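This report concerns only the one structure given below.
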Amino acid sequence: MEDADTICAISSPPGEGGIGIIRVSGNKAHSILKQIFRPRKERGNFSPRVLYLGDIVEPGNSTPLDEVLAVLMEAPHSYTREDIAEIYAHGGYIAQKNILSLIVRSGARLAEPGEFTKRAFLNGRIDLLQAESVLDIIQSETDEEFRCAFNYLKGAISKKIHTIQKAVRTTLAHTEALIDFPEEDVDVKEEEFLPLLEKVCEDMEALISSYEEGRAIKQGLDVLIAGKTNVGKSSLLNALLAQERAIVTPVPGTTRDMIEDTLYINGIKVKIIDTAGIRAPSDIVEQEGIARVKQKIPETDLIIWVLDGADSYSEEDDDVCQAIRGNHFIVAVNKIDLPQKMDTKEIASKGLKWIEISALNNLGLERLKESVYAKLMGSRRKAGNKLITNVRHRNALSEAKDNIERAIECIKNNDSHEFIAFELREALQHLGEITGETFTDDILHEIFTKFCIGK
Ligand SMILES: Nc1nc2c(ncn2[C@@H]2O[C@H](COP(=O)(O)OP(=O)(O)O)[C@@H](O)[C@H]2O)c(=O)[nH]1
Ligand SMILES: [Mg+2]
């Protein structure tokens, strides 16, 4: 049986490092370790969960391959719930490669990507949601991303799905009782299911709508720098990124295309986008640039509207204001290092607050970043911090919710119990796909091939 054999892999990343970790999982892990590892101090039996110092030796060859630390974790108290041996060798490719090939010659095979985690799932230690989160944890680039993935791993999302599943199962059991014993006086009324199913719908909707936020955290949020020409938009991009990313010149209309880069603000990934200044275009390239900005405006999460403090408020500024109206934005008055001409009453009269900055002199940028963060996260944080970040989960939840809504309709219409039961069963099927109670090889393949080897 392919899945029951013993697998091995280098679990630390390639390249030079202090330690290289080689992992072996399966029922031969113990015997392989005994065969190839010679502890410095012979202590009789190899006790599990004790770290031993010793040498890796090839049978029949007295020269050690490496000096290592080794530990055995016995099933089921291990990552995979199988016997696991871990060897901490010297970092660097050669030592690890030699040890790994010795382990293969001793009867293990090379692990597929994610196969250790797949075994943890198949052996029931974690559910599919948790298995998937392992990859998200490894790939996290920001604290927020990590926090979301860690919530998954700790079972916070699984728990919510289980509560929903339980409610649906109970309703299904009662519905089936009504189908199976129509004559008998079964003490259930389907109207009583309604509040329960409506609550289920609500809970599912909350999870589904958390996806947008979860996705935003995983993929980053878009922040667009907008304003008329020459107010210092490109200078602001450069100052925020602390590099000369965009071309800055005193010539109005320098920026034609959108220029974007990633910035991290308090652990949030922000894609910051510099744009062409909004004005009556002087040529067709600029015209296209401005058209693109206007197209992009409704798609962004936040706009920084830049005004030139050394200039008076103009009609062109008002055009920008019109273009961004109805979207989330903050106002930044730039060039405060110069004598000020901006009539801030104009801004105040629109009920807006502004932040004073100088992109050229790095003034007020921390306050601006804080304000961006607060605007981006303010409303989101309140939504609660258990977020769906995975499109597979979102889609399965949507399908399940459709079924529940149809079941509710059936109850309200006094339809046959068979119809209600059908919808409930379908809903359970979709929910089971999320946690992995019902899965296909395709789903597993899709999930685990994205993993790295050795995890
Ligand atoms: N004194 C001063 N000049 C600035 C400041 N920010 C930008 N500039 C200048 O304003 C001009 C236009 O800047 P740029 O970033 O290209 O503006 P954009 O057209 O809005 O992208 C350049 O000459 C910049 O050096 C600032 O904070 N203070
Ligand atoms: Mg520019």
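Each chain in the structure tokens gets a letter, A, B, ..., in the order shown, and its residues are numbered from 1; ligands are numbered from 1 in order too.
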- Please identify all polymer residues within 8 Å of stretch 167-177 of chain A, counting only C-alpha atoms, omitting same-chain residues fewer than 3 positions from it, and present them as a VMD selection string. chain A and resid 163 to 164 180 to 182 186 188 190 193 196 to 197 200 417 420 to 421 424 to 425 427 to 428
Mind writing the picked residues with N, CA and C atoms as a PDB file, in the first residue's frame?
```pdb
ATOM      1  N   THR A 163     -20.383  23.538  14.245  1.00  0.00           N
ATOM      2  CA  THR A 163     -21.643  23.985  14.850  1.00  0.00           C
ATOM      3  C   THR A 163     -22.742  24.013  13.788  1.00  0.00           C
ATOM      4  N   ILE A 164     -22.390  24.516  12.616  1.00  0.00           N
ATOM      5  CA  ILE A 164     -23.364  24.573  11.519  1.00  0.00           C
ATOM      6  C   ILE A 164     -23.768  23.153  11.111  1.00  0.00           C
ATOM      7  N   ASP A 180     -39.829   8.574   7.736  1.00  0.00           N
ATOM      8  CA  ASP A 180     -39.842   7.133   8.014  1.00  0.00           C
ATOM      9  C   ASP A 180     -41.051   6.679   8.814  1.00  0.00           C
ATOM     10  N   PHE A 181     -41.525   7.542   9.690  1.00  0.00           N
ATOM     11  CA  PHE A 181     -42.657   7.120  10.538  1.00  0.00           C
ATOM     12  C   PHE A 181     -43.813   8.098  10.385  1.00  0.00           C
ATOM     13  N   PRO A 182     -44.387   8.183   9.195  1.00  0.00           N
ATOM     14  CA  PRO A 182     -45.430   9.188   8.983  1.00  0.00           C
ATOM     15  C   PRO A 182     -46.668   8.917   9.841  1.00  0.00           C
ATOM     16  N   VAL A 186     -44.728  11.283  15.723  1.00  0.00           N
ATOM     17  CA  VAL A 186     -43.375  11.778  15.976  1.00  0.00           C
ATOM     18  C   VAL A 186     -43.487  13.209  16.495  1.00  0.00           C
ATOM     19  N   VAL A 188     -42.138  16.003  16.343  1.00  0.00           N
ATOM     20  CA  VAL A 188     -41.375  17.081  15.711  1.00  0.00           C
ATOM     21  C   VAL A 188     -42.274  17.836  14.734  1.00  0.00           C
ATOM     22  N   GLU A 190     -42.023  20.651  11.638  1.00  0.00           N
ATOM     23  CA  GLU A 190     -40.969  21.256  10.814  1.00  0.00           C
ATOM     24  C   GLU A 190     -40.900  22.768  10.966  1.00  0.00           C
ATOM     25  N   PHE A 193     -38.069  23.892  12.843  1.00  0.00           N
ATOM     26  CA  PHE A 193     -36.737  23.900  12.224  1.00  0.00           C
ATOM     27  C   PHE A 193     -36.386  25.291  11.725  1.00  0.00           C
ATOM     28  N   LEU A 196     -33.941  27.561  13.553  1.00  0.00           N
ATOM     29  CA  LEU A 196     -32.625  26.916  13.579  1.00  0.00           C
ATOM     30  C   LEU A 196     -31.929  27.076  12.225  1.00  0.00           C
ATOM     31  N   LEU A 197     -32.670  26.807  11.159  1.00  0.00           N
ATOM     32  CA  LEU A 197     -32.076  26.907   9.820  1.00  0.00           C
ATOM     33  C   LEU A 197     -31.782  28.357   9.448  1.00  0.00           C
ATOM     34  N   VAL A 200     -28.604  29.158  11.007  1.00  0.00           N
ATOM     35  CA  VAL A 200     -27.537  28.521  10.233  1.00  0.00           C
ATOM     36  C   VAL A 200     -27.181  29.384   9.020  1.00  0.00           C
ATOM     37  N   HIS A 417     -41.540  16.224   2.796  1.00  0.00           N
ATOM     38  CA  HIS A 417     -40.337  16.126   3.638  1.00  0.00           C
ATOM     39  C   HIS A 417     -39.126  15.646   2.850  1.00  0.00           C
ATOM     40  N   ILE A 420     -37.152  18.516   1.572  1.00  0.00           N
ATOM     41  CA  ILE A 420     -36.366  19.179   2.636  1.00  0.00           C
ATOM     42  C   ILE A 420     -35.125  18.348   2.950  1.00  0.00           C
ATOM     43  N   ALA A 421     -35.356  17.046   3.114  1.00  0.00           N
ATOM     44  CA  ALA A 421     -34.235  16.160   3.460  1.00  0.00           C
ATOM     45  C   ALA A 421     -33.169  16.201   2.366  1.00  0.00           C
ATOM     46  N   LEU A 424     -31.077  19.287   2.725  1.00  0.00           N
ATOM     47  CA  LEU A 424     -30.220  19.224   3.916  1.00  0.00           C
ATOM     48  C   LEU A 424     -29.035  18.294   3.677  1.00  0.00           C
ATOM     49  N   ARG A 425     -29.306  17.177   3.001  1.00  0.00           N
ATOM     50  CA  ARG A 425     -28.214  16.240   2.713  1.00  0.00           C
ATOM     51  C   ARG A 425     -27.169  16.882   1.806  1.00  0.00           C
ATOM     52  N   ALA A 427     -26.537  20.036   1.569  1.00  0.00           N
ATOM     53  CA  ALA A 427     -25.809  21.032   2.373  1.00  0.00           C
ATOM     54  C   ALA A 427     -24.710  20.345   3.173  1.00  0.00           C
ATOM     55  N   LEU A 428     -25.038  19.197   3.765  1.00  0.00           N
ATOM     56  CA  LEU A 428     -24.038  18.482   4.566  1.00  0.00           C
ATOM     57  C   LEU A 428     -22.878  18.006   3.699  1.00  0.00           C
TER      58      LEU A 428
END
```
Residues within 8 Å of ligand 2, counting only C-alpha atoms and all ligand atoms, as a compact mmCIF listing (two decimals) with N, CA and C atoms, in the first residue's frame:
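Okay, this is what ended up in selection_37.txt:
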```txt
# COMPACT_ATOMS: atom_id res chain seq x y z
N THR A 229 -2.05 67.08 -11.48
CA THR A 229 -0.64 66.92 -11.82
C THR A 229 0.24 67.79 -10.91
N ASN A 230 1.45 67.27 -10.70
CA ASN A 230 2.51 68.03 -10.03
C ASN A 230 2.30 68.33 -8.54
N GLY A 232 2.77 66.11 -6.26
CA GLY A 232 3.76 65.30 -5.53
C GLY A 232 3.30 63.87 -5.29
N LYS A 233 2.48 63.34 -6.17
CA LYS A 233 1.99 61.96 -6.00
C LYS A 233 3.13 60.96 -6.13
N SER A 234 3.93 61.14 -7.19
CA SER A 234 5.04 60.20 -7.39
C SER A 234 6.08 60.36 -6.29
N SER A 235 6.28 61.59 -5.85
CA SER A 235 7.21 61.81 -4.74
C SER A 235 6.72 61.10 -3.48
N ALA A 246 9.27 55.85 -8.75
CA ALA A 246 8.64 56.55 -9.87
C ALA A 246 9.48 57.76 -10.26
N ILE A 247 9.37 58.13 -11.52
CA ILE A 247 10.11 59.31 -12.00
C ILE A 247 9.42 60.57 -11.48
N VAL A 248 10.23 61.44 -10.88
CA VAL A 248 9.72 62.72 -10.37
C VAL A 248 10.40 63.84 -11.13
N THR A 249 9.61 64.73 -11.73
CA THR A 249 10.19 65.93 -12.37
C THR A 249 9.25 67.09 -12.12
N PRO A 252 4.69 68.93 -15.33
CA PRO A 252 3.38 68.32 -15.11
C PRO A 252 3.11 67.23 -16.15
N GLY A 253 2.46 66.16 -15.71
CA GLY A 253 2.13 65.07 -16.65
C GLY A 253 3.27 64.09 -16.84
N THR A 254 4.20 64.03 -15.89
CA THR A 254 5.33 63.10 -16.00
C THR A 254 4.85 61.65 -15.91
N THR A 255 3.98 61.37 -14.95
CA THR A 255 3.50 60.01 -14.77
C THR A 255 2.35 59.75 -15.74
N ARG A 256 2.52 58.72 -16.55
CA ARG A 256 1.48 58.43 -17.54
C ARG A 256 0.74 57.15 -17.16
N ASP A 274 0.71 54.58 -7.81
CA ASP A 274 0.85 55.97 -8.24
C ASP A 274 0.18 56.10 -9.61
N THR A 275 -0.43 57.24 -9.83
CA THR A 275 -1.22 57.38 -11.06
C THR A 275 -0.88 58.68 -11.79
N ALA A 276 -1.39 58.76 -13.01
CA ALA A 276 -1.27 60.00 -13.78
C ALA A 276 -2.15 61.05 -13.12
N GLY A 277 -1.71 62.29 -13.11
CA GLY A 277 -2.50 63.37 -12.53
C GLY A 277 -3.78 63.58 -13.34
```
Going by DSSP on the backbone, which residues of stretch 21-219 of chain A come out as strand (DSSP E or B)? List them as a VMD selection string. chain A and resid 21 to 25 37 to 39 52 to 56 66 to 73 84 to 90 109 to 110 113
Q: Using only C-alpha atoms, determine which residues lie at most 8 Å from A:Leu100, disregarding the query and same-chain residues fewer than 4 positions distant; provide the list as number ranges by chain.
A: A: 8-10, 22, 96, 104
* For A:Arg40: contacts at 9 Å, only C-alpha atoms, fewer than 6 positions along chain excluded, given as a PyMOL selection string -> chain A and resi 52-55
Selected residues written out, N, CA and C atoms, as an mmCIF file, in the first residue's frame:
```
data_model
loop_
_atom_site.group_PDB
_atom_site.id
_atom_site.type_symbol
_atom_site.label_atom_id
_atom_site.label_comp_id
_atom_site.auth_asym_id
_atom_site.auth_seq_id
_atom_site.Cartn_x
_atom_site.Cartn_y
_atom_site.Cartn_z
ATOM 1 N N TYR A 52 19.119 12.527 21.077
ATOM 2 C CA TYR A 52 20.406 11.850 21.220
ATOM 3 C C TYR A 52 21.456 12.478 20.318
ATOM 4 N N LEU A 53 22.647 12.608 20.844
ATOM 5 C CA LEU A 53 23.774 13.041 20.025
ATOM 6 C C LEU A 53 24.480 11.796 19.503
ATOM 7 N N GLY A 54 24.869 11.805 18.258
ATOM 8 C CA GLY A 54 25.567 10.635 17.729
ATOM 9 C C GLY A 54 25.990 10.830 16.290
ATOM 10 N N ASP A 55 26.331 9.732 15.637
ATOM 11 C CA ASP A 55 26.800 9.791 14.249
ATOM 12 C C ASP A 55 25.852 9.031 13.335
#
```
Which neighbours of A:Glu405 fall inside 9 Å, counting only C-alpha atoms, when residues of the same chain fewer than 3 positions from it are skipped, and could you give them as a PyMOL selection string?
-> chain A and resi 197-198+201+400-402+408-410+423
Next, dump the selected residues to file, keeping only C-alpha atoms, as a PDB file, in the first residue's frame.
```pdb
ATOM      1  CA  LEU A 197     -32.076  26.907   9.820  1.00  0.00           C
ATOM      2  CA  GLU A 198     -32.368  30.666   9.634  1.00  0.00           C
ATOM      3  CA  CYS A 201     -27.997  30.732   7.161  1.00  0.00           C
ATOM      4  CA  ALA A 400     -24.440  24.862   1.319  1.00  0.00           C
ATOM      5  CA  LYS A 401     -26.215  28.112   2.042  1.00  0.00           C
ATOM      6  CA  ASP A 402     -28.197  27.840  -1.207  1.00  0.00           C
ATOM      7  CA  ILE A 408     -36.406  26.888   4.277  1.00  0.00           C
ATOM      8  CA  GLU A 409     -38.538  27.633   1.218  1.00  0.00           C
ATOM      9  CA  CYS A 410     -39.739  24.018   1.143  1.00  0.00           C
ATOM     10  CA  GLU A 423     -31.540  19.890   0.423  1.00  0.00           C
TER      11      GLU A 423
END
```
Counting only C-alpha atoms and all ligand atoms, closest pick from A:Leu194, A:Leu240, A:Leu69, A:Ile32 relative to ligand 1 is A:Leu240
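Using only C-alpha atoms and all ligand atoms, the shortest contact distance between ligand 1 and any of A:Asn98, A:Thr435, A:Ser416, A:Gln340 is found at A:Gln340.
Coordinates place atom CA of A:Glu144 at a distance of 11.4 Å from atom CA of A:Thr389.
Of note, atom CA of A:Val68 and atom CA of A:Lys41 are spaced 13.2 Å apart.
Our summary of the geometry notes that atom CA of A:Asn395 is positioned 27.4 Å from atom CA of A:Ile297.
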Would you please extract all alpha helix (DSSP H) residues from stretch 48-178 of chain A, as assigned by DSSP on the backbone, and give them as number ranges by chain?
-> A: 93-105, 115-122, 128-139, 143-153, 156-178
(request) List the neighbours of A:Glu74 out to 12 Å using only C-alpha atoms; skip same-chain residues closer than 5 positions along the sequence, and give me the result as a ChimeraX atom specification. (result) /A:24-31,46-50,79-86
Report task. Compile the contact shell of A:His162 as a list in words: residues with an atom at most 12 Å away, counting only C-alpha atoms, same-chain residues fewer than 2 positions apart removed. Result -> Asp127, Leu129, Gly155, Ala156, Ile157, Ser158, Lys159, Lys160, Ile164, Gln165, Lys166, Ala167, Val168, Arg169, Val200, Asp203, Met204, Leu428, Leu431, Gly432, Ile434, Thr435, Gly436 and Glu437 of chain A
Could you save the residues just selected, with N, CA and C atoms, as a short mmCIF file (atom, residue, chain, number, x, y, z; two decimals), in the first residue's frame?
```cif
data_model
loop_
_atom_site.label_atom_id
_atom_site.label_comp_id
_atom_site.auth_asym_id
_atom_site.auth_seq_id
_atom_site.Cartn_x
_atom_site.Cartn_y
_atom_site.Cartn_z
N ASP A 127 -8.17 18.37 10.55
CA ASP A 127 -9.10 18.29 9.42
C ASP A 127 -8.51 19.01 8.22
N LEU A 129 -9.33 21.76 6.70
CA LEU A 129 -9.14 23.20 6.89
C LEU A 129 -7.81 23.47 7.57
N GLY A 155 -8.17 25.61 14.79
CA GLY A 155 -9.50 25.02 14.73
C GLY A 155 -10.64 26.00 14.92
N ALA A 156 -10.35 27.30 14.91
CA ALA A 156 -11.41 28.29 15.14
C ALA A 156 -12.48 28.21 14.04
N ILE A 157 -12.04 28.06 12.80
CA ILE A 157 -12.99 28.00 11.69
C ILE A 157 -13.68 26.63 11.69
N SER A 158 -12.89 25.58 11.94
CA SER A 158 -13.48 24.23 11.99
C SER A 158 -14.62 24.18 12.99
N LYS A 159 -14.41 24.83 14.14
CA LYS A 159 -15.42 24.80 15.19
C LYS A 159 -16.73 25.43 14.69
N LYS A 160 -16.58 26.54 13.97
CA LYS A 160 -17.78 27.22 13.45
C LYS A 160 -18.51 26.32 12.45
N ILE A 164 -22.39 24.52 12.62
CA ILE A 164 -23.36 24.57 11.52
C ILE A 164 -23.77 23.15 11.11
N GLN A 165 -22.77 22.29 10.97
CA GLN A 165 -23.05 20.90 10.58
C GLN A 165 -23.99 20.22 11.57
N LYS A 166 -23.75 20.48 12.85
CA LYS A 166 -24.55 19.83 13.89
C LYS A 166 -26.01 20.25 13.77
N ALA A 167 -26.23 21.53 13.56
CA ALA A 167 -27.60 22.03 13.44
C ALA A 167 -28.30 21.42 12.23
N VAL A 168 -27.55 21.32 11.11
CA VAL A 168 -28.15 20.75 9.90
C VAL A 168 -28.44 19.26 10.10
N ARG A 169 -27.50 18.57 10.74
CA ARG A 169 -27.69 17.13 11.00
C ARG A 169 -28.92 16.86 11.86
N VAL A 200 -28.60 29.16 11.01
CA VAL A 200 -27.54 28.52 10.23
C VAL A 200 -27.18 29.38 9.02
N ASP A 203 -25.21 32.43 10.11
CA ASP A 203 -23.82 32.09 10.44
C ASP A 203 -23.00 31.85 9.18
N MET A 204 -23.62 31.19 8.21
CA MET A 204 -22.90 30.91 6.97
C MET A 204 -22.62 32.21 6.23
N LEU A 428 -25.04 19.20 3.77
CA LEU A 428 -24.04 18.48 4.57
C LEU A 428 -22.88 18.01 3.70
N LEU A 431 -20.66 21.00 3.19
CA LEU A 431 -19.94 21.34 4.42
C LEU A 431 -18.84 20.32 4.69
N GLY A 432 -19.15 19.07 4.38
CA GLY A 432 -18.16 18.00 4.58
C GLY A 432 -16.94 18.17 3.69
N ILE A 434 -15.58 20.92 3.03
CA ILE A 434 -14.70 21.93 3.64
C ILE A 434 -13.80 21.28 4.69
N THR A 435 -14.42 20.53 5.59
CA THR A 435 -13.62 19.96 6.68
C THR A 435 -12.87 18.71 6.25
N GLY A 436 -13.30 18.14 5.11
CA GLY A 436 -12.62 16.95 4.63
C GLY A 436 -13.31 15.65 5.02
N GLU A 437 -14.52 15.74 5.57
CA GLU A 437 -15.26 14.50 5.85
C GLU A 437 -15.65 13.83 4.55
#
```
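Distances here use only C-alpha atoms; by that measure, the residue among A:Ile137, A:Ala280, A:Val293, A:Leu224 closest to A:Asn151 is A:Ile137.
Counting only C-alpha atoms and all ligand atoms and comparing A:Gly309, A:Gly289, A:Gly60, A:Pro113, the residue that lies closest to ligand 1 is A:Gly309.
For the set A:Ile347, A:Leu178, A:Met377, A:Leu368, the residue with the smallest atom-to-atom gap to A:Gly267 is A:Met377, counting only C-alpha atoms.
Of the listed residues (A:Glu346, A:Glu286, A:Glu399, A:Glu426), A:Glu286 comes nearest to ligand 1; the distances count only C-alpha atoms and all ligand atoms.
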